[in-house]
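With compact mmCIF, C-alpha atoms inside, this is query_33.txt:
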# COMPACT_ATOMS: atom_id res chain seq x y z
CA MET A 295 -15.45 21.78 38.65
CA LYS A 296 -18.62 20.06 37.42
CA CYS A 297 -19.48 16.36 37.19
CA ILE A 298 -19.16 15.25 33.57
CA ARG A 299 -22.25 13.02 33.86
CA CYS A 300 -24.83 15.11 35.72
CA LYS A 301 -23.24 18.61 35.90
CA LYS A 302 -23.55 18.76 39.71
CA GLU A 303 -20.59 20.06 41.76
CA ALA A 304 -17.77 17.48 41.42
CA GLU A 305 -16.11 15.91 44.46
CA VAL A 306 -13.53 13.82 42.59
CA GLU A 307 -11.23 14.74 39.71
CA LEU A 308 -9.70 11.89 37.67
CA LYS A 309 -7.11 13.36 35.32
CA SER A 310 -6.21 10.03 33.74
CA HIS A 311 -9.83 9.70 32.57
CA ASN A 312 -10.08 13.42 31.77
CA ALA A 313 -13.12 13.41 34.07
CA ALA A 314 -14.66 14.76 37.26
CA PHE A 315 -17.57 13.23 39.16
CA CYS A 316 -20.04 14.06 41.90
CA ARG A 317 -20.40 11.47 44.68
CA ASP A 318 -23.15 9.37 43.08
CA CYS A 319 -21.60 9.40 39.62
CA PHE A 320 -18.18 8.50 41.04
CA LEU A 321 -19.65 5.46 42.81
CA HIS A 322 -21.29 4.47 39.53
CA PHE A 323 -17.95 4.94 37.69
CA PHE A 324 -16.08 2.91 40.33
CA GLU A 325 -18.51 0.00 40.26
CA ASN A 326 -18.39 0.10 36.48
CA GLN A 327 -14.59 -0.18 36.48
CA VAL A 328 -14.72 -3.18 38.81
CA GLU A 329 -17.45 -4.88 36.77
CA LYS A 330 -15.45 -4.22 33.59
CA ALA A 331 -12.36 -5.89 35.09
CA ILE A 332 -14.39 -8.91 36.23
CA LYS A 333 -16.05 -9.37 32.83
CA LYS A 334 -13.01 -8.60 30.65
CA HIS A 335 -10.89 -11.25 32.34
CA SER A 336 -13.75 -13.69 33.07
CA MET A 337 -12.80 -13.52 36.75
CA PHE A 338 -16.03 -15.01 38.09
CA SER A 339 -19.78 -14.92 37.68
CA LYS A 340 -22.70 -14.46 40.06
CA ALA A 341 -22.92 -18.26 40.31
CA ASP A 342 -19.41 -18.55 41.75
CA LYS A 343 -18.48 -18.64 45.43
CA VAL A 344 -15.87 -15.89 45.82
CA LEU A 345 -13.49 -15.74 48.79
CA VAL A 346 -12.21 -12.21 49.46
CA ALA A 347 -8.89 -11.91 51.30
CA VAL A 348 -9.52 -9.14 53.83
CA SER A 349 -6.82 -7.50 55.91
CA GLY A 350 -8.97 -4.75 57.45
CA GLY A 351 -7.34 -2.11 55.22
CA LYS A 352 -9.22 0.15 52.82
CA ASP A 353 -8.53 -1.81 49.63
CA SER A 354 -9.70 -5.23 50.79
CA LEU A 355 -12.77 -3.85 52.59
CA THR A 356 -13.58 -1.74 49.53
CA LEU A 357 -13.33 -4.84 47.36
CA TRP A 358 -15.60 -6.85 49.64
CA SER A 359 -18.09 -3.99 49.81
CA VAL A 360 -18.23 -3.38 46.06
CA LEU A 361 -18.57 -7.09 45.22
CA LEU A 362 -21.51 -7.39 47.62
CA ASP A 363 -23.10 -4.24 46.19
CA LEU A 364 -22.72 -5.66 42.69
CA GLY A 365 -24.57 -8.79 43.82
CA TYR A 366 -21.69 -11.29 43.93
CA ASN A 367 -21.61 -14.19 46.38
CA ALA A 368 -18.56 -13.03 48.37
CA ASP A 369 -17.36 -14.26 51.77
CA GLY A 370 -14.30 -12.96 53.63
CA LEU A 371 -11.09 -14.59 54.82
CA PHE A 372 -9.05 -12.85 57.51
CA ILE A 373 -5.59 -14.04 58.55
CA ASN A 374 -4.76 -12.93 62.08
CA LEU A 375 -1.02 -12.25 61.83
CA GLY A 376 -0.54 -12.11 65.61
CA ILE A 377 0.99 -8.62 65.51
CA ASN A 378 -0.35 -7.48 68.90
CA ASN A 379 -2.36 -4.27 68.72
CA PHE A 380 -2.26 -3.97 64.92
CA SER A 381 -3.81 -7.39 64.28
CA GLU A 382 -6.44 -6.92 66.98
CA ILE A 383 -7.59 -3.62 65.45
CA ALA A 384 -7.65 -5.23 61.99
CA ARG A 385 -9.70 -8.16 63.27
CA SER A 386 -12.26 -5.89 64.92
CA LYS A 387 -12.73 -3.84 61.71
CA VAL A 388 -13.22 -6.94 59.57
CA GLU A 389 -15.61 -8.58 62.06
CA LYS A 390 -17.62 -5.37 62.30
CA PHE A 391 -17.95 -5.20 58.50
CA ALA A 392 -19.04 -8.86 58.29
CA GLN A 393 -21.59 -8.28 61.05
CA ILE A 394 -23.06 -5.13 59.46
CA ARG A 395 -23.29 -6.71 55.99
CA LYS A 396 -24.42 -10.09 57.43
CA VAL A 397 -21.83 -12.07 55.49
CA LYS A 398 -19.63 -15.04 56.32
CA LEU A 399 -16.12 -14.41 57.62
CA ILE A 400 -13.51 -17.16 57.96
CA THR A 401 -10.57 -16.46 60.28
CA VAL A 402 -7.19 -18.19 60.45
CA ASP A 403 -5.10 -17.41 63.52
CA LEU A 404 -1.35 -17.65 62.91
CA VAL A 405 -0.72 -17.80 66.67
CA ASP A 406 -2.70 -21.07 66.77
CA GLU A 407 -0.79 -22.27 63.70
CA GLY A 408 2.52 -21.64 65.53
CA ILE A 409 3.78 -19.14 62.97
CA SER A 410 2.73 -15.66 64.11
CA ILE A 411 4.59 -12.96 62.17
CA PRO A 412 6.60 -11.68 65.19
CA ASP A 413 7.73 -15.29 65.91
CA VAL A 414 8.66 -15.92 62.28
CA LYS A 415 10.56 -12.62 62.16
CA ASN A 416 12.68 -13.73 65.11
CA LYS A 417 13.31 -17.20 63.67
CA THR A 418 14.64 -16.31 60.21
CA ARG A 419 16.77 -13.70 58.48
CA ARG A 420 14.49 -13.38 55.42
CA PRO A 421 12.62 -10.05 54.97
CA VAL A 422 9.49 -10.22 57.10
CA CYS A 423 7.16 -8.70 54.44
CA SER A 424 8.08 -11.45 51.98
CA LEU A 425 7.51 -14.18 54.60
CA CYS A 426 4.20 -12.64 55.61
CA GLY A 427 3.12 -12.63 51.95
CA GLN A 428 4.16 -16.26 51.53
CA ILE A 429 2.24 -17.37 54.64
CA LYS A 430 -0.88 -15.42 53.65
CA ARG A 431 -0.87 -16.85 50.09
CA TYR A 432 -0.57 -20.36 51.55
CA TYR A 433 -3.63 -19.95 53.80
CA PHE A 434 -5.64 -18.08 51.15
CA ASN A 435 -5.13 -21.04 48.85
CA MET A 436 -5.66 -23.74 51.46
CA MET A 437 -8.80 -22.22 52.97
CA GLY A 438 -10.25 -21.42 49.55
CA LEU A 439 -9.83 -25.01 48.37
CA THR A 440 -10.93 -26.75 51.57
CA GLU A 441 -13.99 -24.50 52.00
CA GLY A 442 -15.09 -25.06 48.38
CA TYR A 443 -14.61 -21.59 46.85
CA SER A 444 -14.14 -21.20 43.08
CA VAL A 445 -11.89 -18.17 43.26
CA LEU A 446 -9.85 -15.99 45.63
CA ALA A 447 -10.10 -12.20 45.17
CA THR A 448 -7.53 -9.77 46.55
CA GLY A 449 -7.70 -5.97 46.87
CA HIS A 450 -4.64 -5.11 44.75
CA ASN A 451 -5.27 -1.83 42.94
CA LEU A 452 -3.65 -0.22 39.90
CA ASP A 453 -0.96 1.47 42.02
CA ASP A 454 -0.04 -1.87 43.62
CA GLU A 455 0.17 -3.55 40.24
CA VAL A 456 2.10 -0.74 38.56
CA SER A 457 4.63 -0.38 41.38
CA ARG A 458 5.14 -4.16 41.38
CA LEU A 459 5.59 -4.16 37.59
CA PHE A 460 8.00 -1.22 37.86
CA SER A 461 10.04 -3.05 40.50
CA ASN A 462 10.07 -6.32 38.51
CA VAL A 463 11.22 -4.49 35.39
CA LEU A 464 13.86 -2.45 37.23
CA HIS A 465 15.37 -5.66 38.60
CA TRP A 466 14.41 -7.87 35.59
CA LYS A 467 12.69 -10.42 37.80
CA MET A 468 11.44 -12.54 34.89
CA GLU A 469 9.92 -15.27 37.07
CA TYR A 470 7.77 -12.67 38.87
CA LEU A 471 6.82 -10.90 35.63
CA LYS A 472 5.44 -14.19 34.31
CA ASP A 473 3.18 -14.41 37.36
CA GLN A 474 1.90 -10.83 37.21
CA SER A 475 -1.67 -10.68 35.94
CA PRO A 476 -5.18 -9.65 37.05
CA VAL A 477 -6.05 -13.38 36.82
CA LEU A 478 -4.02 -16.44 37.69
CA PRO A 479 -5.93 -19.56 36.63
CA SER A 480 -6.49 -22.55 38.85
CA GLU A 481 -3.74 -25.18 38.33
CA ASN A 482 -1.97 -28.05 40.12
CA GLY A 483 -3.60 -27.55 43.51
CA LEU A 484 -3.65 -23.77 43.27
CA LEU A 485 -6.94 -21.88 43.51
CA LYS A 486 -7.78 -19.31 40.80
CA LYS A 487 -6.72 -15.81 41.94
CA VAL A 488 -8.13 -12.50 40.72
CA LYS A 489 -7.61 -8.78 41.28
CA PRO A 490 -10.90 -7.00 40.46
CA LEU A 491 -9.56 -3.58 41.57
CA TYR A 492 -6.68 -3.53 39.08
CA ARG A 493 -8.32 -0.76 37.00
CA VAL A 494 -8.80 1.66 39.92
CA THR A 495 -6.14 3.62 41.77
CA GLU A 496 -5.34 3.99 45.44
CA PHE A 497 -6.98 7.43 45.27
CA ASP A 498 -10.15 5.89 43.79
CA THR A 499 -10.42 3.21 46.50
CA SER A 500 -9.86 5.85 49.19
CA ALA A 501 -12.61 8.04 47.75
CA TYR A 502 -14.93 5.02 47.51
CA ALA A 503 -14.18 4.01 51.13
CA PHE A 504 -14.81 7.60 52.25
CA PHE A 505 -18.15 7.89 50.41
CA LYS A 506 -19.26 4.47 51.68
CA ASP A 507 -18.12 5.36 55.21
CA LEU A 508 -16.07 2.16 55.50
CA ASP A 509 -14.33 1.75 58.84
CA PHE A 510 -10.85 0.41 58.04
CA VAL A 511 -7.42 0.13 59.70
CA ASP A 512 -5.56 3.39 59.20
CA ILE A 513 -2.42 2.65 61.16
CA ALA A 514 0.70 1.21 59.58
CA CYS A 515 1.87 -2.34 60.16
CA PRO A 516 4.83 -1.97 62.57
CA PHE A 517 6.93 -4.20 60.29
CA SER A 518 6.26 -2.32 57.03
CA LYS A 519 8.54 0.67 57.63
CA GLY A 520 10.59 1.68 54.58
CA ALA A 521 8.75 -0.66 52.18
CA THR A 522 10.27 -0.19 48.69
CA PHE A 523 6.91 -0.13 46.92
CA THR A 524 5.86 3.02 48.82
CA VAL A 525 8.87 4.85 47.34
CA TYR A 526 8.05 3.56 43.83
CA LYS A 527 4.42 4.65 44.22
CA LYS A 528 5.50 8.17 45.09
CA HIS A 529 7.70 8.46 41.99
CA LEU A 530 5.06 6.90 39.77
CA ASN A 531 2.50 9.40 41.06
CA GLN A 532 4.84 12.21 40.06
CA ILE A 533 5.06 10.79 36.53
CA GLU A 534 1.28 10.30 36.41
CA PHE A 535 0.74 13.90 37.49
CA SER A 536 2.89 15.18 34.62
CA PHE A 537 1.59 12.65 32.09
CA PRO A 538 -1.93 11.48 33.07
CA GLY A 539 -2.76 7.95 31.95
CA THR A 540 0.83 6.66 32.13
CA LYS A 541 0.15 4.12 34.88
CA ILE A 542 -2.71 2.34 33.15
CA ASP A 543 -0.86 2.47 29.79
CA PHE A 544 2.25 0.93 31.38
CA TYR A 545 0.26 -1.88 32.99
CA GLN A 546 -2.08 -2.62 30.10
CA GLY A 547 0.84 -2.42 27.65
CA PHE A 548 2.60 -5.10 29.69
CA LEU A 549 -0.52 -7.29 29.72
CA LYS A 550 -1.09 -6.93 25.99
CA LYS A 551 2.44 -6.91 24.60
CA LEU A 552 4.92 -8.57 26.92
CA ARG A 553 3.10 -11.03 29.13
CA PRO A 554 1.62 -13.17 26.31
CA ILE A 555 5.07 -13.94 24.90
CA MET A 556 6.51 -14.70 28.35
CA THR A 557 4.00 -17.27 29.52
CA ASN A 558 5.27 -20.81 29.74
CA ASP A 559 5.10 -23.51 32.37
CA GLU A 560 8.85 -23.94 32.83
CA ASN A 561 8.61 -22.72 36.40
CA SER A 562 5.38 -24.41 37.43
CA ARG A 563 5.53 -26.16 40.77
CA LYS A 564 5.88 -29.84 39.99
CA ASN A 565 6.09 -31.23 43.53
CA THR A 566 3.61 -31.33 46.34
CA CYS A 567 4.65 -30.81 49.95
CA LYS A 568 5.18 -34.14 51.77
CA ILE A 569 3.59 -32.67 54.90
CA CYS A 570 0.57 -30.67 53.72
CA GLY A 571 0.20 -31.41 50.00
CA TYR A 572 0.61 -27.76 48.92
CA PRO A 573 2.31 -27.24 45.52
CA THR A 574 6.00 -26.49 46.02
CA PHE A 575 9.34 -26.47 44.19
CA SER A 576 10.98 -28.74 46.79
CA ASP A 577 9.90 -31.65 49.00
CA ILE A 578 8.59 -29.55 51.87
CA CYS A 579 6.82 -26.21 51.31
CA GLY A 580 8.05 -22.94 52.84
CA VAL A 581 5.24 -22.72 55.40
CA CYS A 582 5.80 -26.27 56.71
CA ARG A 583 9.52 -25.46 56.98
CA LEU A 584 8.63 -22.38 59.04
CA LYS A 585 6.55 -24.65 61.27
CA GLY A 586 9.71 -26.64 61.94
CA TYR A 587 9.29 -29.60 59.55
CA ARG A 588 12.52 -30.72 57.87
CA MET B 14 -7.79 31.71 57.79
CA VAL B 15 -8.14 28.04 56.93
CA SER B 16 -6.80 25.37 59.31
CA VAL B 17 -5.50 22.31 57.50
CA VAL B 18 -5.13 19.11 59.54
CA VAL B 19 -2.90 16.53 57.86
CA ASP B 20 -3.42 12.85 58.73
CA LYS B 21 -4.98 13.79 62.10
CA ARG B 22 -1.56 15.00 63.33
CA ASP B 23 -0.06 18.19 61.92
CA CYS B 24 -1.99 21.43 61.62
CA TYR B 25 -1.17 24.27 59.20
CA LYS B 26 -2.88 27.63 58.73
CA PHE B 27 -3.24 29.60 55.50
CA GLU B 28 -4.69 33.01 54.65
CA THR B 29 -7.95 32.87 52.69
CA PRO B 30 -9.05 33.06 49.94
CA ILE B 31 -6.88 30.21 48.74
CA SER B 32 -7.50 27.31 46.36
CA VAL B 33 -7.18 23.66 47.39
CA GLY B 34 -4.60 23.23 44.62
CA LYS B 35 -2.45 25.96 46.14
CA ILE B 36 -2.68 24.46 49.63
CA LEU B 37 -1.58 21.07 48.26
CA LYS B 38 1.31 22.67 46.42
CA LYS B 39 2.47 24.54 49.52
CA LEU B 40 2.35 21.31 51.55
CA GLY B 41 4.08 19.28 48.81
CA PHE B 42 1.22 16.90 48.00
CA LEU B 43 0.04 15.75 44.59
CA PRO B 44 -3.77 15.75 44.20
CA SER B 45 -3.76 11.95 43.64
CA GLU B 46 -1.96 11.32 46.95
CA VAL B 47 -4.57 12.74 49.29
CA LEU B 48 -8.26 13.22 49.99
CA VAL B 49 -9.16 16.80 50.90
CA ILE B 50 -12.22 16.83 53.13
CA MET B 51 -14.40 19.71 54.27
CA LYS B 52 -17.72 19.21 56.08
CA ASP B 53 -18.04 15.57 54.94
CA ARG B 54 -17.38 16.43 51.27
CA LEU B 55 -14.33 15.88 49.09
CA LEU B 56 -12.86 18.98 47.48
CA THR B 57 -11.32 19.17 44.03
CA ARG B 58 -8.20 21.25 43.29
CA ASP B 59 -10.09 24.21 41.87
CA VAL B 60 -12.24 24.88 44.98
CA VAL B 61 -11.41 28.21 46.60
CA ILE B 62 -11.63 28.32 50.42
CA ARG B 63 -12.97 31.58 51.82
CA GLY B 64 -13.27 32.89 55.39
CA GLU B 65 -12.71 30.78 58.52
CA GLN B 66 -12.69 27.09 57.61
CA GLU B 67 -11.20 23.79 58.69
CA ILE B 68 -10.18 21.12 56.21
CA GLU B 69 -8.67 17.68 56.63
CA ILE B 70 -6.08 16.07 54.41
CA ARG B 71 -5.92 12.26 54.42
CA MET B 72 -3.11 10.34 52.73
CA VAL B 73 -4.44 7.65 50.41
CA TYR B 74 -1.50 5.22 50.56
CA SER B 75 -2.11 1.82 52.12
CA LYS B 76 -0.24 1.56 55.35
CA GLY B 77 0.66 -2.11 55.05

Please rewrite the model in this file as structure tokens.
Amino acid sequence: MKCIRCKKEAEVELKSHNAAFCRDCFLHFFENQVEKAIKKHSMFSKADKVLVAVSGGKDSLTLWSVLLDLGYNADGLFINLGINNFSEIARSKVEKFAQIRKVKLITVDLVDEGISIPDVKNKTRRPVCSLCGQIKRYYFNMMGLTEGYSVLATGHNLDDEVSRLFSNVLHWKMEYLKDQSPVLPSENGLLKKVKPLYRVTEFDTSAYAFFKDLDFVDIACPFSKGATFTVYKKHLNQIEFSFPGTKIDFYQGFLKKLRPIMTNDENSRKNTCKICGYPTFSDICGVCRLKGYR
Amino acid sequence: MVSVVVDKRDCYKFETPISVGKILKKLGFLPSEVLVIMKDRLLTRDVVIRGEQEIEIRMVYSKG
């Protein structure tokens, strides 16, 4: 198979784009897709201070790497979840990246905050992945605002977005569908959030991380066993294999046709937490409740 | 023969010549689910492996 740009031997085949690329041309294609996403949705400019949420996994480190390569002003935020060995490995990968690229890394330690994920898991009966997501979003927002960033960027890729959309449609979770977008604007104490990798797949980010020799966490979180989205991703890959281009069509179709008629502010958080000031639906936000405030 | 190491754990052996696409099919992987690596290069489905070789298959899914 030959690269469609330079005719060298291809290393990557992308059926949904009816294309194959050599290493250099793939990196060019990948950066182009990210830049396209940033520009199309006016995510941020080179003048903005971007905070990248980094977990130590391939997607978030890929995002940080590509934003720096494209010349954006991007710092990292790592939340230490306090999951023994797993979190320690993740921390070391993120710190190593920040050191090599000579960029700023902010760390929040959930053990110091009194809400490490193993502790929270023992305290409540809610699914731990959902609690972990809630806690991370809280600190992403808080740190972004207090440290003066204009926008928070996360490493969600096309597969993440499509499997989430698929799940929300299967269960008709209208309130989540309203919130699904590559960009969520800044409002009522919430920092602007963006997903610059939404046009590239999990395969693409893996190939990018491989070519760039990124050192990321490749062990599973001990609490993520049996995650529903992994099953959806597998089925969606099967559909994509038979009908290339389905994933991006499904997602972009949603963004163009359904989301615009769903958007309203009926569900916007009107209260602020009495303890920390974070936007919430009730008097005290979920994270402060986890910390024991009533 | 080609030795195929999957996710640094399981090892399978196949007679050569054999294409990468055929190896993936025999192991039940879709091309978009894995990286196929040989000597620091990624291989596309159409590449035919000949002689004694070792390749690595890496799952691309995030592990949470």

Interface, chain A side, toward chain B (7 Å; all atoms listed in the file) as a PyMOL selection string: chain A and resi 295+305-307+496-497+500+512-515+518

Gap from CA of Val463 in chain A to CA of Lys550 in chain A - Å, one decimal: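 Computing it gives 15.7 Å between the two atoms.
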
Nearest residue to Lys487 in chain A from the set A:Gln393, A:Ser536, A:Asn378, A:Asn435 (distances using all atoms listed in the file):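 Closest to Lys487 in chain A of all the choices is A:Asn435.
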
Selection near Phe380 in chain A, 9 Å with all atoms listed in the file, sequence-local residues under 3 positions removed, as an MDAnalysis selection string: chainID A and resid 375:377 383:385 511 513:516

Between CA of Ile70 in chain B and CA of Ile31 in chain B, distance in Å (one decimal):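 Answer for the CA of Ile70 in chain B to CA of Ile31 in chain B separation: 15.3 Å.
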
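Distances from A:Ala314, A:Ala331, A:Leu552, A:Cys570 to Gly483 in chain A were compared using all atoms listed in the file, and the smallest one belongs to A:Cys570.
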
Polymer residues at most 10 Å from range 553-555 of chain A, all atoms listed in the file, same-chain spacing of 5 or more positions, as a PyMOL selection string: chain A and resi 471-475+546-548

Residue list as a PyMOL selection string for point (-2.8, 19.1, 59.7), cut-off 12 Å, all atoms listed in the file: chain B and resi 15-27+36-37+40+49-50+67-72

Distance criterion (all atoms listed in the file): nearest to Tyr502 in chain A out of A:Leu485, A:Val348, A:Ile332, A:Val360: A:Val360

CA of Val525 in chain A to CA of Val328 in chain A, distance in Å rounded to a single decimal: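 Computing it gives 26.3 Å between the two atoms.
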
Selection near Val422 in chain A, 10 Å with all atoms listed in the file, sequence-local residues under 5 positions removed, as a list in words: Ile411, Pro412, Val414, Lys415, Asn416, Gly427, Gln428, Phe517 and Ser518 of chain A

Which residue of A:Lys330, A:Lys527, A:His335, A:Lys506 approaches Arg458 in chain A most closely, using all atoms listed in the file: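 Checking each of A:Lys330, A:Lys527, A:His335, A:Lys506 against Arg458 in chain A, counting all atoms listed in the file, the winner is A:Lys527.
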
8 Å contact set for range 296-300 of chain A, only C-alpha atoms, chain neighbours under 6 positions out, as a ChimeraX atom specification: /A:313-316,319

Any idea what's packed within 9 Å of Ser461 in chain A, counting all atoms listed in the file, ignoring anything in its chain fewer than 5 positions away? Could you give it as a short mmCIF file (atom, residue, chain, number, x, y, z; two decimals) with C-alpha atoms, in the coordinates of the input?
data_model
loop_
_atom_site.label_atom_id
_atom_site.label_comp_id
_atom_site.auth_asym_id
_atom_site.auth_seq_id
_atom_site.Cartn_x
_atom_site.Cartn_y
_atom_site.Cartn_z
CA VAL A 456 2.10 -0.74 38.56
CA TRP A 466 14.41 -7.87 35.59
CA LYS A 467 12.69 -10.42 37.80
CA THR A 522 10.27 -0.19 48.69
CA PHE A 523 6.91 -0.13 46.92
CA TYR A 526 8.05 3.56 43.83
#
